[in-house]
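Okay, structure first, notes after.
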Amino acid sequence: MAFFVERERTSSTPYTLVDESKGYMRLEGKCFHERVAFLFRDVNEFLAEYLAGDFGLFVFDCAIDYFNSSTTKLLHNMLMQMDKYSVGGNKVVINWLTTHDNDIMIECGEDFKEDIHNLEFNLVIK
Amino acid sequence: MGFDIRQYNDMLKANNVSVIYSGPIWANGIDGMAEMVLKRLEFEELPRSLSMSVFSIFVEQINNMMFYSAEKELHTGAGGDTEEVSRGVFVLGVDGDAYFLQSGNVVTDSSAAILKERIDHINSMSKQELRQYSKQLLNADDSLPGSKGAGIGLVEIARRSTDPIRYIFEPYEQSLQYFTMYATVRQRGKE
């Protein structure tokens, strides 16, 4: 059965959608829960297996407007893994969605982009 | 006579304290505190970059207290889940165009030594150097040993502050110290 997770946002965790059948993942809201790595363990486990296989195209829309340093580490690890497997017939596209007045997210997107070699990283500033 | 709330309130006012919290700090508890701080920042109608800087420092100070507090207890909830509860004090104040954030908690002597060394190191860097240092910590295999990302948290506080991080370590009980951290964000520095 295809992996599917949809969780509503809370004050400290983002709206989360991961839909394997559509090759799609979306995070939206704020993320600063101290145990973020624990809360995302199911998504991480899924990604580890999914990305190592033959997935074709996977799109990740990241529309988080604020996250803390533990989340930075979590997202950076996710991005590095997506980058590693975005080769051959497999491609990952990340759309980093933010707004012109969000300096912190723009800077972070720029920094993440510098660490990426294979996947398509679009910094989308509205 | 019990605790003098009125005198306490006068003291908070005289010191420009706008939000103060003293008590248990735990992972899920940050939601309520964050809403209180966000609501307070909303009243100020600040530019986004300024309010997000203040909010970010608040979050990292709370995370720092959860990680380093030497006053920790394990609580088992009704569902049988165990969670770690730390103790700490947090203050947000507004003095003219400056927002100051203070955190206070008890730490062990060894944590005090680590914190002091890290903050001194971070304070010696420019904003550009701090940005590079964050990237370096993110790309390190396991960040700093035993730090659960706390190394990046202190760098984040320094990146969002306009002034260097100030700290005080005071003798507490045996092999413990009371750690106070001060961070300041000035509106002028953020324009």
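Ordering of the structure tokens sets the chain letters (A, B, ...), residue numbers begin anew at 1 in every chain, and ligands are numbered from 1 in the order given.
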May I have the residues of chain A within 12 Å of chain B, counting only C-alpha atoms, written as a ChimeraX atom specification? /A:9-13,30-39,65-80,99-116
So which bits of segment 83-120 of chain A end up helix (DSSP H, G or I) when you DSSP the backbone, as a ChimeraX atom specification? /A:83-85,103-114
Residue neighbourhood Trp96 of chain A, 8 Å, only C-alpha atoms, exclusion window fewer than 3 positions, as a list in words: Asp61, Cys62, Ala63, Gly109, Phe121, Asn122, Leu123 and Val124 of chain A
Hey, what does DSSP flag as strand (DSSP E) within chain B? Can you give it to me as JSON, numbers by chain? {"B": [17, 18, 19, 20, 21, 22, 23, 24, 25, 72, 73, 74, 75, 76, 82, 83, 84, 85, 86, 87, 88, 89, 90, 91, 92, 93, 94, 95, 98, 99, 100, 101, 102, 103, 104, 105, 106, 107, 108, 166, 167, 168, 169, 170, 171, 176, 177, 178, 179, 180, 181, 182, 183, 184, 185, 186]}
Would you save the residues of that selection, restricted to C-alpha atoms, as a PDB file, in the first residue's frame?
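File produced: again-v3.pdb:
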```pdb
ATOM      1  CA  VAL B  17       9.381  43.574  31.351  1.00  0.00           C
ATOM      2  CA  SER B  18       6.531  42.765  29.018  1.00  0.00           C
ATOM      3  CA  VAL B  19       6.306  38.973  29.353  1.00  0.00           C
ATOM      4  CA  ILE B  20       7.705  36.797  32.126  1.00  0.00           C
ATOM      5  CA  TYR B  21       7.415  33.072  32.613  1.00  0.00           C
ATOM      6  CA  SER B  22       8.790  31.033  35.475  1.00  0.00           C
ATOM      7  CA  GLY B  23       8.040  27.367  35.860  1.00  0.00           C
ATOM      8  CA  PRO B  24       8.081  24.043  34.077  1.00  0.00           C
ATOM      9  CA  ILE B  25       9.403  23.933  30.516  1.00  0.00           C
ATOM     10  CA  LYS B  72      14.945  18.149  35.270  1.00  0.00           C
ATOM     11  CA  GLU B  73      12.240  15.714  36.250  1.00  0.00           C
ATOM     12  CA  LEU B  74      10.640  12.848  34.383  1.00  0.00           C
ATOM     13  CA  HIS B  75       6.839  12.882  34.397  1.00  0.00           C
ATOM     14  CA  THR B  76       4.659  10.022  33.278  1.00  0.00           C
ATOM     15  CA  THR B  82       7.227   9.805  29.819  1.00  0.00           C
ATOM     16  CA  GLU B  83       8.350  13.353  29.252  1.00  0.00           C
ATOM     17  CA  GLU B  84      11.198  15.417  30.546  1.00  0.00           C
ATOM     18  CA  VAL B  85      10.283  18.627  32.357  1.00  0.00           C
ATOM     19  CA  SER B  86      12.902  21.300  33.028  1.00  0.00           C
ATOM     20  CA  ARG B  87      12.667  24.444  35.125  1.00  0.00           C
ATOM     21  CA  GLY B  88      13.542  27.904  33.925  1.00  0.00           C
ATOM     22  CA  VAL B  89      12.678  31.586  33.779  1.00  0.00           C
ATOM     23  CA  PHE B  90      12.098  33.546  30.585  1.00  0.00           C
ATOM     24  CA  VAL B  91      11.715  37.319  30.171  1.00  0.00           C
ATOM     25  CA  LEU B  92      10.816  39.465  27.152  1.00  0.00           C
ATOM     26  CA  GLY B  93      11.154  43.194  27.591  1.00  0.00           C
ATOM     27  CA  VAL B  94      10.871  46.322  25.480  1.00  0.00           C
ATOM     28  CA  ASP B  95      13.064  49.315  26.239  1.00  0.00           C
ATOM     29  CA  ALA B  98      15.325  47.512  21.961  1.00  0.00           C
ATOM     30  CA  TYR B  99      13.767  44.116  22.591  1.00  0.00           C
ATOM     31  CA  PHE B 100      15.617  42.155  25.217  1.00  0.00           C
ATOM     32  CA  LEU B 101      15.222  38.452  25.922  1.00  0.00           C
ATOM     33  CA  GLN B 102      16.601  36.793  29.014  1.00  0.00           C
ATOM     34  CA  SER B 103      16.608  33.186  30.090  1.00  0.00           C
ATOM     35  CA  GLY B 104      17.640  31.827  33.483  1.00  0.00           C
ATOM     36  CA  ASN B 105      18.233  28.256  34.553  1.00  0.00           C
ATOM     37  CA  VAL B 106      20.464  26.065  36.702  1.00  0.00           C
ATOM     38  CA  VAL B 107      23.266  24.238  34.884  1.00  0.00           C
ATOM     39  CA  THR B 108      26.025  21.853  35.936  1.00  0.00           C
ATOM     40  CA  ARG B 166      25.737  38.479  27.277  1.00  0.00           C
ATOM     41  CA  TYR B 167      25.795  35.936  30.066  1.00  0.00           C
ATOM     42  CA  ILE B 168      26.277  35.589  33.810  1.00  0.00           C
ATOM     43  CA  PHE B 169      27.231  32.413  35.650  1.00  0.00           C
ATOM     44  CA  GLU B 170      26.681  32.621  39.398  1.00  0.00           C
ATOM     45  CA  PRO B 171      27.533  30.049  42.081  1.00  0.00           C
ATOM     46  CA  LEU B 176      25.859  23.802  39.935  1.00  0.00           C
ATOM     47  CA  GLN B 177      25.688  27.353  38.599  1.00  0.00           C
ATOM     48  CA  TYR B 178      22.881  29.753  37.765  1.00  0.00           C
ATOM     49  CA  PHE B 179      23.077  30.710  34.093  1.00  0.00           C
ATOM     50  CA  THR B 180      21.477  33.910  32.799  1.00  0.00           C
ATOM     51  CA  MET B 181      21.578  34.662  29.071  1.00  0.00           C
ATOM     52  CA  TYR B 182      20.755  38.087  27.579  1.00  0.00           C
ATOM     53  CA  ALA B 183      20.040  38.739  23.910  1.00  0.00           C
ATOM     54  CA  THR B 184      19.068  42.099  22.420  1.00  0.00           C
ATOM     55  CA  VAL B 185      17.427  43.010  19.103  1.00  0.00           C
ATOM     56  CA  ARG B 186      17.343  46.693  18.228  1.00  0.00           C
TER      57      ARG B 186
END
```
How many Å lie between atom CA of Gln81 of chain A and atom CA of Asn44 of chain A, rounded to one decimal?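 Interatomic distance, atom CA of Gln81 of chain A to atom CA of Asn44 of chain A: 10.0 Å.
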Could you work out how far atom CA of Lys91 of chain A lies from atom CA of Phe55 of chain A, giving the answer in Å with one decimal?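 Calculated distance between atom CA of Phe55 of chain A and atom CA of Lys91 of chain A is 8.1 Å.
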For a test of reading the model, state the distance in Å between atom CA of Ile125 of chain A and atom CA of Ile64 of chain A, rounded to one decimal. 12.5 Å
Give me the residues near Asp83 of chain A as a list in words, where near means some atom within 9 Å (using only C-alpha atoms) and where sequence neighbours in that chain fewer than 6 positions away do not count.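 The filter keeps Lys91, Val92, Ile116, His117, Asn118, Leu119 and Glu120 of chain A.
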Hey, can you spit out that residue selection with C-alpha atoms as a PDB file, in the first residue's frame?
```pdb
ATOM      1  CA  LYS A  91      14.525  13.383 -10.013  1.00  0.00           C
ATOM      2  CA  VAL A  92      13.601  15.427  -6.935  1.00  0.00           C
ATOM      3  CA  ILE A 116      22.824  20.869  -3.304  1.00  0.00           C
ATOM      4  CA  HIS A 117      24.334  19.304  -6.425  1.00  0.00           C
ATOM      5  CA  ASN A 118      21.762  17.112  -8.180  1.00  0.00           C
ATOM      6  CA  LEU A 119      18.184  17.989  -7.375  1.00  0.00           C
ATOM      7  CA  GLU A 120      16.238  20.950  -8.734  1.00  0.00           C
TER       8      GLU A 120
END
```
Could you tell me which of B:Ile165, B:Lys13, B:Gly80, B:Gln136 comes closest to Ile122 of chain B if we count only C-alpha atoms? B:Ile165
Find the residue from A:Met25, A:Ala48, A:Leu57, A:Leu17 that sits nearest to Val5 of chain A; use only C-alpha atoms when measuring.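 Under the stated criterion, the closest residue is A:Leu17.
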Show which residues sit within 7 Å of Gly23 of chain A, as a count of residues only. Count only C-alpha atoms, and ignore same-chain residues fewer than 4 positions away. 4
